[in-house]
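This is model-v7.cif. It holds mmCIF, C-alpha atoms.
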```cif
data_start
#
loop_
_atom_site.label_atom_id
_atom_site.label_comp_id
_atom_site.auth_asym_id
_atom_site.auth_seq_id
_atom_site.Cartn_x
_atom_site.Cartn_y
_atom_site.Cartn_z
CA MET M 1 86.22 92.17 107.20
CA THR M 2 87.88 90.24 104.41
CA GLN M 3 91.47 91.26 103.98
CA LEU M 4 92.91 90.24 100.63
CA SER M 5 96.61 90.35 99.89
CA PRO M 6 97.44 92.71 97.03
CA THR M 7 98.59 91.63 93.60
CA PRO M 8 102.34 92.35 93.44
CA SER M 9 103.70 95.18 91.34
CA HIS M 10 106.00 94.66 88.34
CA THR M 11 107.99 97.00 86.17
CA VAL M 12 106.17 98.72 83.31
CA GLY M 13 108.98 97.43 81.08
CA PRO M 14 110.34 99.09 77.95
CA PHE M 15 107.51 98.54 75.48
CA TYR M 16 104.45 100.33 76.88
CA GLY M 17 104.94 103.39 74.68
CA TYR M 18 102.54 102.23 71.99
CA ALA M 19 99.94 101.11 74.50
CA LEU M 20 99.47 103.43 77.46
CA PRO M 21 99.64 107.03 76.27
CA PHE M 22 96.23 108.34 75.27
CA PRO M 23 95.97 110.87 72.46
CA GLY M 24 96.04 114.15 74.35
CA GLY M 25 96.86 112.32 77.58
CA GLY M 26 99.10 115.11 78.75
CA ASP M 27 96.54 117.78 77.87
CA LEU M 28 94.30 117.68 80.87
CA ALA M 29 92.75 121.09 81.35
CA PRO M 30 89.59 121.87 79.39
CA ALA M 31 90.32 123.63 76.11
CA GLY M 32 90.36 127.39 76.52
CA HIS M 33 90.43 127.33 80.31
CA PRO M 34 91.90 130.67 81.49
CA ASP M 35 94.05 129.40 84.35
CA THR M 36 96.05 126.46 83.11
CA ILE M 37 99.62 125.65 83.95
CA THR M 38 102.19 123.52 82.18
CA VAL M 39 104.43 121.23 84.20
CA HIS M 40 107.27 119.41 82.54
CA GLY M 41 110.61 117.79 83.20
CA ARG M 42 112.81 114.77 82.84
CA VAL M 43 113.36 111.63 84.84
CA HIS M 44 116.97 110.71 85.62
CA ASP M 45 118.42 107.52 86.99
CA GLY M 46 121.51 107.05 89.17
CA GLU M 47 125.15 107.76 88.63
CA GLY M 48 126.04 108.06 84.99
CA ALA M 49 129.67 108.92 85.55
CA PRO M 50 132.04 107.32 83.06
CA ARG M 51 133.11 103.90 84.22
CA PRO M 52 136.78 103.08 84.76
CA GLY M 53 138.34 101.94 81.53
CA ARG M 54 135.69 103.65 79.43
CA PRO M 55 136.83 107.26 79.34
CA GLY M 56 134.81 109.69 77.35
CA ARG M 57 131.64 107.64 77.39
CA ALA M 58 128.82 109.95 76.45
CA VAL M 59 126.23 110.50 79.13
CA ALA M 60 122.79 111.68 78.19
CA GLY M 61 120.84 114.03 80.39
CA GLY M 62 123.63 116.07 81.88
CA PRO M 63 126.68 115.37 84.01
CA GLY M 64 126.41 112.56 86.47
CA ARG M 65 123.04 111.23 85.42
CA LEU M 66 121.40 109.24 82.71
CA ALA M 67 118.04 110.39 81.49
CA VAL M 68 115.43 107.66 81.61
CA ARG M 69 114.40 107.47 78.00
CA ARG M 70 110.87 106.38 78.77
CA ALA M 71 109.05 107.17 81.94
CA ARG M 72 105.35 107.18 82.43
CA ILE M 73 104.11 109.90 84.74
CA ASP M 74 100.67 109.69 86.31
CA ALA M 75 99.61 112.87 88.04
CA ALA M 76 96.63 114.21 89.99
CA PRO M 77 96.23 117.72 91.43
CA THR M 78 94.87 117.58 94.95
CA ARG M 79 93.15 120.06 97.24
CA GLY M 80 90.78 121.34 94.65
CA THR M 81 91.34 123.51 91.66
CA GLY M 82 91.74 127.22 91.28
CA ASP M 83 88.16 127.82 90.32
CA SER M 84 86.08 125.21 92.06
CA PRO M 85 87.11 122.82 94.79
CA GLY M 86 84.01 120.77 94.08
CA ALA M 87 85.03 120.10 90.51
CA THR M 88 88.02 117.96 91.29
CA ALA M 89 86.56 114.53 90.77
CA SER M 90 85.51 114.99 87.20
CA THR M 91 87.77 117.60 85.72
CA SER M 92 91.10 117.74 87.45
CA THR M 93 92.10 114.16 88.01
CA PHE M 94 93.98 112.60 85.20
CA SER M 95 96.68 110.38 84.03
CA ALA M 96 99.40 112.14 82.13
CA ALA M 97 101.58 109.80 80.22
CA SER M 98 104.80 111.00 78.80
CA PRO M 99 105.03 110.09 75.17
CA PRO M 100 108.01 107.84 74.61
CA THR M 101 110.45 110.45 73.40
CA PRO M 102 114.15 109.71 73.17
CA THR M 103 114.86 112.76 75.29
CA ALA M 104 112.88 111.42 78.24
CA HIS M 105 110.94 114.64 78.52
CA TRP M 106 107.40 114.63 79.92
CA SER M 107 104.87 117.42 80.10
CA ALA M 108 101.28 118.06 81.05
CA ARG M 109 98.93 121.03 80.80
CA THR M 110 96.53 121.11 83.71
CA LEU M 111 94.53 123.29 86.07
CA ARG M 112 96.36 125.08 88.84
CA PRO M 113 95.59 123.32 92.13
CA GLY M 114 94.04 125.68 94.65
CA ALA M 115 94.77 126.99 98.15
CA PRO M 116 94.07 127.32 101.11
CA ALA M 117 96.77 124.83 102.07
CA ALA M 118 99.96 124.49 100.01
CA PRO M 119 98.75 123.17 96.64
CA TYR M 120 100.57 120.34 94.99
CA ILE M 121 100.27 117.81 92.20
CA SER M 122 100.58 114.14 93.10
CA VAL M 123 103.00 112.35 90.81
CA CYS M 124 103.52 108.63 90.20
CA VAL M 125 106.58 107.43 88.28
CA HIS M 126 106.84 104.20 86.27
CA ALA M 127 109.91 103.12 84.32
CA ARG M 128 111.75 100.12 82.97
CA GLY M 129 114.02 99.01 85.80
CA LEU M 130 111.61 100.23 88.45
CA LEU M 131 109.87 97.18 89.92
CA HIS M 132 107.37 99.17 91.96
CA HIS M 133 106.21 102.66 91.01
CA LEU M 134 107.21 105.67 93.11
CA TYR M 135 105.05 108.50 94.43
CA THR M 136 106.18 112.06 94.88
CA ARG M 137 104.65 115.55 94.93
CA LEU M 138 105.18 118.69 92.92
CA TYR M 139 104.82 121.90 94.98
CA PHE M 140 104.93 125.41 93.53
CA PRO M 141 107.80 127.86 94.19
CA GLU M 142 105.69 131.01 94.60
CA ASN M 143 103.91 129.62 97.67
CA ALA M 144 106.78 130.02 100.14
CA ARG M 145 104.53 130.80 103.11
CA LEU M 146 102.07 127.97 102.45
CA ASN M 147 104.88 125.55 101.67
CA ALA M 148 106.59 126.39 104.97
CA ALA M 149 103.40 125.38 106.78
CA ASP M 150 102.94 122.15 104.86
CA PRO M 151 103.40 119.17 107.21
CA LEU M 152 105.29 117.05 104.70
CA LEU M 153 107.66 119.79 103.51
CA ALA M 154 108.22 121.07 107.04
CA ALA M 155 109.34 117.64 108.20
CA LEU M 156 112.03 117.32 105.53
CA ASP M 157 115.66 118.32 105.65
CA PRO M 158 115.86 121.65 103.73
CA ALA M 159 118.14 120.26 101.05
CA ARG M 160 115.78 117.39 100.32
CA ARG M 161 112.71 119.64 100.55
CA GLU M 162 113.87 121.47 97.42
CA THR M 163 113.48 118.31 95.36
CA LEU M 164 109.70 118.61 95.72
CA VAL M 165 109.44 122.26 94.65
CA ALA M 166 109.20 122.93 90.93
CA THR M 167 111.13 125.76 89.27
CA ALA M 168 109.20 128.59 87.63
CA GLU M 169 110.15 129.07 84.00
CA PRO M 170 110.31 132.49 82.29
CA GLN M 171 107.05 131.77 80.50
CA PRO M 172 104.20 132.46 82.98
CA GLY M 173 102.44 129.39 84.31
CA THR M 174 105.21 127.03 83.26
CA TYR M 175 107.10 124.91 85.78
CA ARG M 176 110.04 122.56 85.48
CA PHE M 177 110.09 119.46 87.68
CA ASP M 178 112.92 116.99 87.17
CA ILE M 179 112.77 113.68 88.99
CA ARG M 180 115.95 111.93 90.12
CA LEU M 181 115.49 108.28 90.96
CA GLN M 182 118.88 107.89 92.60
CA GLY M 183 122.05 109.71 93.63
CA GLU M 184 122.83 113.36 94.16
CA GLY M 185 119.64 115.40 94.44
CA GLU M 186 117.56 112.25 94.74
CA THR M 187 113.89 113.20 94.75
CA VAL M 188 111.93 112.60 97.95
CA PHE M 189 109.60 109.67 97.36
CA LEU M 190 106.59 108.93 99.50
CA GLU M 191 104.76 106.06 101.08
CA PHE M 192 101.22 106.22 102.40
CA ARG M 193 100.12 104.58 105.63
CA MET K 1 132.53 88.43 81.04
CA ALA K 2 128.84 88.12 80.35
CA LEU K 3 126.58 87.21 83.20
CA THR K 4 125.21 83.70 82.85
CA GLN K 5 121.97 82.17 83.98
CA ALA K 6 123.99 80.32 86.63
CA ASP K 7 125.15 83.67 88.07
CA ILE K 8 121.57 84.92 88.17
CA ASP K 9 120.33 81.64 89.68
CA ARG K 10 122.83 81.99 92.53
CA GLU K 11 121.65 85.51 93.25
CA LEU K 12 118.01 84.41 93.15
CA THR K 13 118.73 81.55 95.55
CA ASP K 14 120.48 83.96 97.91
CA SER K 15 117.60 86.45 97.79
CA ARG K 16 115.07 83.72 98.56
CA ALA K 17 117.19 82.47 101.45
CA ALA K 18 117.50 86.00 102.85
CA TYR K 19 113.75 86.49 102.58
CA ASP K 20 112.98 83.15 104.25
CA LYS K 21 115.34 83.99 107.08
CA ALA K 22 113.77 87.42 107.55
CA ARG K 23 110.33 85.79 107.67
CA ALA K 24 111.55 83.24 110.20
CA ASP K 25 112.85 86.14 112.29
CA GLY K 26 109.40 87.73 112.28
CA ALA K 27 109.43 90.09 109.30
CA PRO K 28 106.05 90.66 107.64
CA ALA K 29 105.28 89.08 104.26
CA ALA K 30 106.49 91.18 101.32
CA ASP K 31 103.66 91.61 98.84
CA HIS K 32 105.65 93.72 96.39
CA PRO K 33 109.17 93.38 95.00
CA ALA K 34 112.02 95.34 96.53
CA ARG K 35 112.99 98.16 94.17
CA ASP K 36 116.64 97.28 94.67
CA PHE K 37 116.79 93.76 93.22
CA ALA K 38 120.23 93.10 91.73
CA PRO K 39 119.34 90.03 89.61
CA TYR K 40 117.18 92.44 87.56
CA ARG K 41 120.13 94.54 86.43
CA SER K 42 118.10 97.54 85.27
CA SER K 43 116.97 98.12 88.85
CA LEU K 44 120.50 98.96 90.00
CA LEU K 45 120.46 102.60 88.91
CA ARG K 46 116.71 103.06 89.17
CA HIS K 47 115.86 102.67 92.83
CA PRO K 48 116.06 105.43 95.44
CA LYS K 49 118.74 104.95 98.09
CA GLN K 50 117.04 107.24 100.58
CA PRO K 51 114.16 105.71 102.56
CA LEU K 52 110.64 106.61 101.48
CA VAL K 53 109.04 109.37 103.53
CA ALA K 54 105.80 108.29 105.17
CA VAL K 55 102.73 110.44 104.65
CA GLN K 56 100.37 109.74 107.50
CA GLY K 57 96.73 109.11 106.67
CA ASP K 58 95.45 112.62 107.19
CA PRO K 59 92.29 113.10 105.09
CA GLU K 60 93.41 116.65 104.29
CA THR K 61 96.60 115.49 102.67
CA VAL K 62 96.13 111.97 101.38
CA GLU K 63 96.04 111.49 97.65
CA LEU K 64 92.30 110.91 97.58
CA HIS K 65 91.64 111.31 93.93
CA THR K 66 92.34 109.11 91.01
CA PRO K 67 92.32 109.51 87.27
CA VAL K 68 88.80 109.39 85.96
CA PHE K 69 88.11 107.68 82.68
CA GLY K 70 84.73 107.33 81.11
CA HIS K 71 82.90 105.56 78.36
CA THR K 72 84.02 108.25 75.92
CA ASP K 73 87.62 107.13 76.38
CA ILE K 74 87.16 103.61 75.06
CA THR K 75 84.86 101.67 72.76
CA ASP K 76 82.98 98.44 73.37
CA VAL K 77 85.38 96.36 71.30
CA ASP K 78 88.64 97.66 72.77
CA ASN K 79 88.78 94.56 74.97
CA ASP K 80 89.04 92.24 71.96
CA LEU K 81 92.60 92.31 70.65
CA THR K 82 91.80 89.82 67.89
CA ILE K 83 89.49 92.08 65.84
CA GLN K 84 91.57 95.22 65.44
CA HIS K 85 92.77 94.42 61.93
CA GLN K 86 91.43 93.06 58.65
CA GLY K 87 92.49 89.50 59.39
CA GLU K 88 92.78 87.26 62.42
CA PRO K 89 96.01 87.22 64.39
CA LEU K 90 98.03 84.01 64.55
CA GLY K 91 98.21 82.17 67.84
CA GLU K 92 96.17 80.45 70.49
CA ARG K 93 92.97 82.44 71.09
CA ILE K 94 92.31 83.01 74.80
CA THR K 95 90.01 84.93 77.08
CA VAL K 96 91.29 86.39 80.34
CA SER K 97 88.56 87.26 82.82
CA GLY K 98 88.45 88.21 86.45
CA ARG K 99 87.59 90.90 88.96
CA LEU K 100 89.33 94.05 90.16
CA LEU K 101 89.01 94.27 93.94
CA ASP K 102 90.30 96.40 96.77
CA SER K 103 91.97 94.83 99.78
CA GLY K 104 88.61 94.68 101.54
CA GLY K 105 87.30 92.45 98.76
CA ARG K 106 85.05 95.18 97.38
CA PRO K 107 84.74 95.54 93.60
CA VAL K 108 86.46 98.50 91.97
CA ARG K 109 83.76 99.67 89.58
CA GLY K 110 83.97 101.52 86.29
CA GLN K 111 87.74 101.86 86.27
CA LEU K 112 90.08 101.61 83.35
CA ILE K 113 92.14 98.47 82.78
CA GLU K 114 94.83 98.63 80.10
CA LEU K 115 96.55 95.55 78.67
CA TRP K 116 99.53 95.26 76.33
CA GLN K 117 101.52 92.25 75.20
CA ALA K 118 103.81 90.57 72.69
CA ASN K 119 102.35 88.58 69.79
CA ALA K 120 102.28 84.77 69.56
CA ALA K 121 105.90 84.77 68.38
CA GLY K 122 107.08 86.86 71.34
CA ARG K 123 107.47 90.15 69.45
CA TYR K 124 106.03 93.51 70.49
CA ALA K 125 104.64 95.87 67.87
CA HIS K 126 107.11 98.43 69.18
CA LEU K 127 109.81 100.08 67.11
CA ARG K 128 112.55 99.25 69.55
CA ASP K 129 111.75 95.55 69.94
CA GLN K 130 114.41 93.98 67.73
CA HIS K 131 113.82 90.34 68.69
CA PRO K 132 114.15 88.45 65.37
CA ALA K 133 110.67 86.98 65.51
CA PRO K 134 107.94 87.88 63.03
CA LEU K 135 105.55 90.75 63.52
CA ASP K 136 101.91 89.86 62.95
CA PRO K 137 100.18 92.36 60.67
CA ASN K 138 96.89 91.41 62.32
CA PHE K 139 97.98 91.95 65.90
CA THR K 140 98.93 95.12 67.75
CA GLY K 141 98.63 93.79 71.28
CA VAL K 142 96.88 96.68 73.04
CA GLY K 143 93.49 96.50 74.78
CA ARG K 144 91.40 98.57 77.16
CA THR K 145 88.22 98.06 79.11
CA LEU K 146 86.23 99.48 82.00
CA THR K 147 85.33 97.24 84.94
CA GLY K 148 81.68 96.37 85.50
CA ASP K 149 79.60 97.01 88.60
CA ASP K 150 80.98 93.83 90.16
CA GLY K 151 84.56 94.80 89.25
CA SER K 152 84.60 92.27 86.43
CA TYR K 153 86.63 92.53 83.26
CA SER K 154 87.28 90.30 80.27
CA PHE K 155 89.75 90.42 77.37
CA THR K 156 89.88 88.29 74.24
CA THR K 157 93.38 88.01 72.83
CA ILE K 158 96.00 85.47 71.81
CA LYS K 159 98.53 83.84 74.11
CA PRO K 160 101.82 85.74 73.83
CA GLY K 161 105.12 83.99 73.20
CA ALA K 162 108.17 83.98 75.45
CA TYR K 163 110.97 86.26 74.28
CA PRO K 164 114.67 86.90 74.93
CA TRP K 165 116.05 89.98 76.65
CA ARG K 166 119.47 91.23 77.59
CA ASN K 167 119.53 91.04 81.37
CA HIS K 168 122.10 88.25 81.12
CA GLU K 169 123.21 85.63 78.62
CA ASN K 170 120.33 83.47 77.38
CA ALA K 171 117.74 85.40 79.39
CA TRP K 172 114.10 84.69 78.45
CA ARG K 173 110.93 86.23 79.77
CA PRO K 174 108.08 83.79 80.47
CA ALA K 175 104.92 84.57 78.48
CA HIS K 176 103.05 87.41 80.18
CA LEU K 177 100.42 90.11 79.75
CA HIS K 178 101.11 93.64 81.04
CA PHE K 179 98.26 95.22 83.03
CA SER K 180 97.76 98.83 84.12
CA LEU K 181 95.14 99.46 86.83
CA PHE K 182 93.59 102.32 88.75
CA GLY K 183 91.67 102.21 92.03
CA THR K 184 89.48 104.76 93.74
CA ALA K 185 92.49 106.56 95.22
CA PHE K 186 95.72 107.62 93.55
CA THR K 187 97.64 105.51 96.05
CA GLN K 188 96.06 102.33 94.66
CA ARG K 189 97.76 102.63 91.28
CA LEU K 190 99.18 99.33 90.01
CA ILE K 191 101.14 98.23 86.97
CA THR K 192 101.96 94.54 86.85
CA GLN K 193 102.21 91.41 84.69
CA MET K 194 100.07 88.28 84.50
CA TYR K 195 101.65 84.89 83.80
CA PHE K 196 100.30 81.59 82.49
CA PRO K 197 100.28 78.50 84.72
CA GLY K 198 103.00 75.90 84.50
CA ASP K 199 105.56 77.93 82.55
CA PRO K 200 109.02 76.31 82.89
CA LEU K 201 110.69 79.75 82.59
CA PHE K 202 109.34 81.00 85.93
CA VAL K 203 112.36 79.88 87.96
CA TYR K 204 114.85 81.57 85.62
CA ASP K 205 113.14 84.97 85.40
CA PRO K 206 114.53 87.69 87.69
CA ILE K 207 111.46 89.87 87.16
CA LEU K 208 108.95 87.29 88.41
CA GLN K 209 111.44 86.15 91.08
CA SER K 210 111.79 89.76 92.30
CA VAL K 211 108.60 88.89 94.18
CA THR K 212 110.38 86.83 96.80
CA ASP K 213 107.27 85.65 98.64
CA GLU K 214 106.01 82.37 97.16
CA SER K 215 102.31 83.02 97.72
CA ALA K 216 102.64 86.57 96.37
CA ARG K 217 104.30 85.18 93.23
CA GLN K 218 101.40 82.77 92.80
CA ARG K 219 99.03 85.74 92.75
CA LEU K 220 100.62 86.81 89.44
CA VAL K 221 99.80 83.49 87.77
CA ALA K 222 96.36 83.08 86.18
CA THR K 223 94.33 79.89 86.60
CA TYR K 224 93.27 77.85 83.60
CA ASP K 225 89.48 77.56 83.96
CA HIS K 226 87.90 75.04 81.63
CA ALA K 227 84.46 76.49 82.34
CA LEU K 228 85.66 79.74 80.75
CA SER K 229 86.86 77.99 77.60
CA GLN K 230 84.48 78.30 74.67
CA PRO K 231 83.90 75.26 72.46
CA GLU K 232 85.60 75.47 69.08
CA TRP K 233 86.79 78.98 69.94
CA SER K 234 89.05 79.90 72.89
CA LEU K 235 90.78 78.80 76.08
CA GLY K 236 89.78 80.55 79.29
CA TYR K 237 91.96 81.93 82.07
CA ARG K 238 90.84 83.53 85.31
CA TRP K 239 92.86 86.21 87.07
CA ASP K 240 91.57 88.39 89.90
CA ILE K 241 93.52 91.54 90.72
CA VAL K 242 93.67 93.05 94.22
CA LEU K 243 94.81 96.64 94.74
CA ASP K 244 96.48 97.98 97.87
CA GLY K 245 94.14 99.71 100.28
CA PRO K 246 92.45 102.09 100.34
CA SER K 247 93.29 102.75 103.95
CA ALA K 248 90.54 102.95 106.56
CA THR K 249 90.90 106.70 106.66
CA TRP K 250 89.15 107.45 103.47
CA ILE K 251 86.64 104.63 103.62
CA GLU K 252 85.23 106.61 106.53
CA GLU K 253 85.11 109.68 104.35
CA GLY K 254 81.92 108.38 102.83
CA ARG K 255 82.81 106.09 100.00
#
```

Since I need it in another form, could you write the structure as structure tokens?
Amino acid sequence: MTQLSPTPSHTVGPFYGYALPFPGGGDLAPAGHPDTITVHGRVHDGEGAPRPGRPGRAVAGGPGRLAVRRARIDAAPTRGTGDSPGATASTSTFSAASPPTPTAHWSARTLRPGAPAAPYISVCVHARGLLHHLYTRLYFPENARLNAADPLLAALDPARRETLVATAEPQPGTYRFDIRLQGEGETVFLEFR
Amino acid sequence: MALTQADIDRELTDSRAAYDKARADGAPAADHPARDFAPYRSSLLRHPKQPLVAVQGDPETVELHTPVFGHTDITDVDNDLTIQHQGEPLGERITVSGRLLDSGGRPVRGQLIELWQANAAGRYAHLRDQHPAPLDPNFTGVGRTLTGDDGSYSFTTIKPGAYPWRNHENAWRPAHLHFSLFGTAFTQRLITQMYFPGDPLFVYDPILQSVTDESARQRLVATYDHALSQPEWSLGYRWDIVLDGPSATWIEEGR
């Protein structure tokens, strides 16, 4: 069989914000669907601690990290949806692009991925400064038993495992998932073989 | 003290030497850039320091799906960036055509390709691009298309200009088009840049040079194809795009 070498990746750069996001790109579930969830968060880069000789330098995005002001998030729920595993191909795969907000916040409203195995959303991160996108997964905190049986989560050091589990927010069906590209609490990123 | 091009050149020479030595010692060819590539300064704080965790190719867990776009998402003229305004944009009119393929050489059909770029003066129609070059009221620089049954695509646009950036003193990006691509699996996602042949800025650019393998770098450079040029109208470039994978696992799943 022919085996072609892939075209190399490059960074998305800083100026995609007027090009890639679709109107409604983060609004993925059909309108009025009864079982939608909202996932949202920020992307942070590495150490943002004040540099020597520059005391008091303001750091966006919380202590020790700089929020990435623009990050494109592609996401796809896997393992079927809550209502119909057969419906995945047409209704529950999507690309959610964070609009280019100065606060680096992204969000998407989608269908809840279904059991039987631990459900998750596949996430792909693009940013200026990132030469090759990164894959990760968003698992849900209420599925402790299923998550414990998940081969990927089970193989991780417990402290790192937590980086793949979203936090439930007070509002039902809302989850926070922050992504840390580098440093303390660095998100687990994946490669596929 | 500001970093100079000479500083960057030294780092690029060192990275090429390290890659050549690794290859001589038996390392496989690197198709993609390392995420930690110091000459591109923005990569320093934006690459993970922990190794990636391998997900084995289990059909139950691989990221089989991909975003699905359809003909309702785009219109027939979204692939012509020169007719989006009342007047014609300034610049050298070009067509860029090629095929989107998987690593087995099979066409990737009916998938979305997105393109964005600077105008002929090297300025993006983006609020934060402050390069003191003129905006073109007749050019936005955004296009979309769906691939045909043979994986083919074609855009009509204008050749973008080179532009300065702040990686180091006197840093200039060679002219390029940004491309966003989807395959049949989520793991085939690709965002990259296409360059024009013979650009003297190639050797100075830490982003292109982040691809340390010479033949891989060449795969980012389009070919001028005179047969694609249209008389009295446009110059033609050919650029085929090859996505990673998909792995054998899900080919067997009945694609």

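We find atom CA of Asn79 of chain K and atom CA of Val96 of chain K to be spaced 10.1 Å apart.
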
So that I can check the surroundings of Ala159 of chain M, please list as JSON, numbers by chain every protein, DNA and RNA residue that reaches within 12 Å of it, counting all atoms listed in the file and ignoring chain neighbours fewer than 4 positions away. {"M": [153, 154, 155, 163, 164, 165, 184, 185, 186, 187, 188]}

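Interface residues on chain K toward chain M (cut-off 6 Å, only C-alpha atoms): Asp31, His32, Arg35, Ser42, Ser43, Leu45, Arg46, His47, Pro48, Leu52, Val53, Ala54, Val55, Gln56, Gly57, Thr66, Pro67, Ser103, Gly104, Val142, Ile191, Thr192, Arg219, Ile241, Val242, Leu243 and Asp244 of chain K.
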
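Against the coordinates shown, the PyMOL selection byres ((chain K and resi 85) around 12) returns Asp80, Leu81, Thr82, Ile83, Gln84, Gln86, Gly87, Glu88, Pro89, Leu90, Asp136, Pro137, Asn138, Phe139, Thr140 and Gly141 of chain K.
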
Result set of the PyMOL selection byres ((chain K and resi 199-210) around 6) on the coordinates above, as a PDB file with C-alpha atoms, in the frame of the given file:
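Everything below was put into expr30.pdb:
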```pdb
ATOM      1  CA  PRO K  33     109.170  93.380  95.000  1.00  0.00           C
ATOM      2  CA  PRO K  39     119.340  90.030  89.610  1.00  0.00           C
ATOM      3  CA  TYR K  40     117.180  92.440  87.560  1.00  0.00           C
ATOM      4  CA  PRO K 174     108.080  83.790  80.470  1.00  0.00           C
ATOM      5  CA  PRO K 197     100.280  78.500  84.720  1.00  0.00           C
ATOM      6  CA  GLY K 198     103.000  75.900  84.500  1.00  0.00           C
ATOM      7  CA  VAL K 211     108.600  88.890  94.180  1.00  0.00           C
ATOM      8  CA  THR K 212     110.380  86.830  96.800  1.00  0.00           C
TER       9      THR K 212
END
```

Set the distance at 12 Å and use only C-alpha atoms: which residues neighbour segment 173-176 of chain M once local chain neighbours fewer than 5 positions away are removed? I'd like the list as a CSV table (one decimal) with C-alpha atoms, keeping the file's coordinate frame.
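Result file result_25.csv:
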```
chain,number,residue,atom,x,y,z
M,34,PRO,CA,91.9,130.7,81.5
M,35,ASP,CA,94.0,129.4,84.4
M,36,THR,CA,96.0,126.5,83.1
M,37,ILE,CA,99.6,125.6,84.0
M,38,THR,CA,102.2,123.5,82.2
M,39,VAL,CA,104.4,121.2,84.2
M,40,HIS,CA,107.3,119.4,82.5
M,41,GLY,CA,110.6,117.8,83.2
M,42,ARG,CA,112.8,114.8,82.8
M,43,VAL,CA,113.4,111.6,84.8
M,105,HIS,CA,110.9,114.6,78.5
M,106,TRP,CA,107.4,114.6,79.9
M,107,SER,CA,104.9,117.4,80.1
M,108,ALA,CA,101.3,118.1,81.0
M,109,ARG,CA,98.9,121.0,80.8
M,110,THR,CA,96.5,121.1,83.7
M,111,LEU,CA,94.5,123.3,86.1
M,112,ARG,CA,96.4,125.1,88.8
M,121,ILE,CA,100.3,117.8,92.2
M,138,LEU,CA,105.2,118.7,92.9
M,139,TYR,CA,104.8,121.9,95.0
M,140,PHE,CA,104.9,125.4,93.5
M,141,PRO,CA,107.8,127.9,94.2
M,142,GLU,CA,105.7,131.0,94.6
M,163,THR,CA,113.5,118.3,95.4
M,164,LEU,CA,109.7,118.6,95.7
M,165,VAL,CA,109.4,122.3,94.6
M,166,ALA,CA,109.2,122.9,90.9
M,167,THR,CA,111.1,125.8,89.3
M,168,ALA,CA,109.2,128.6,87.6
```
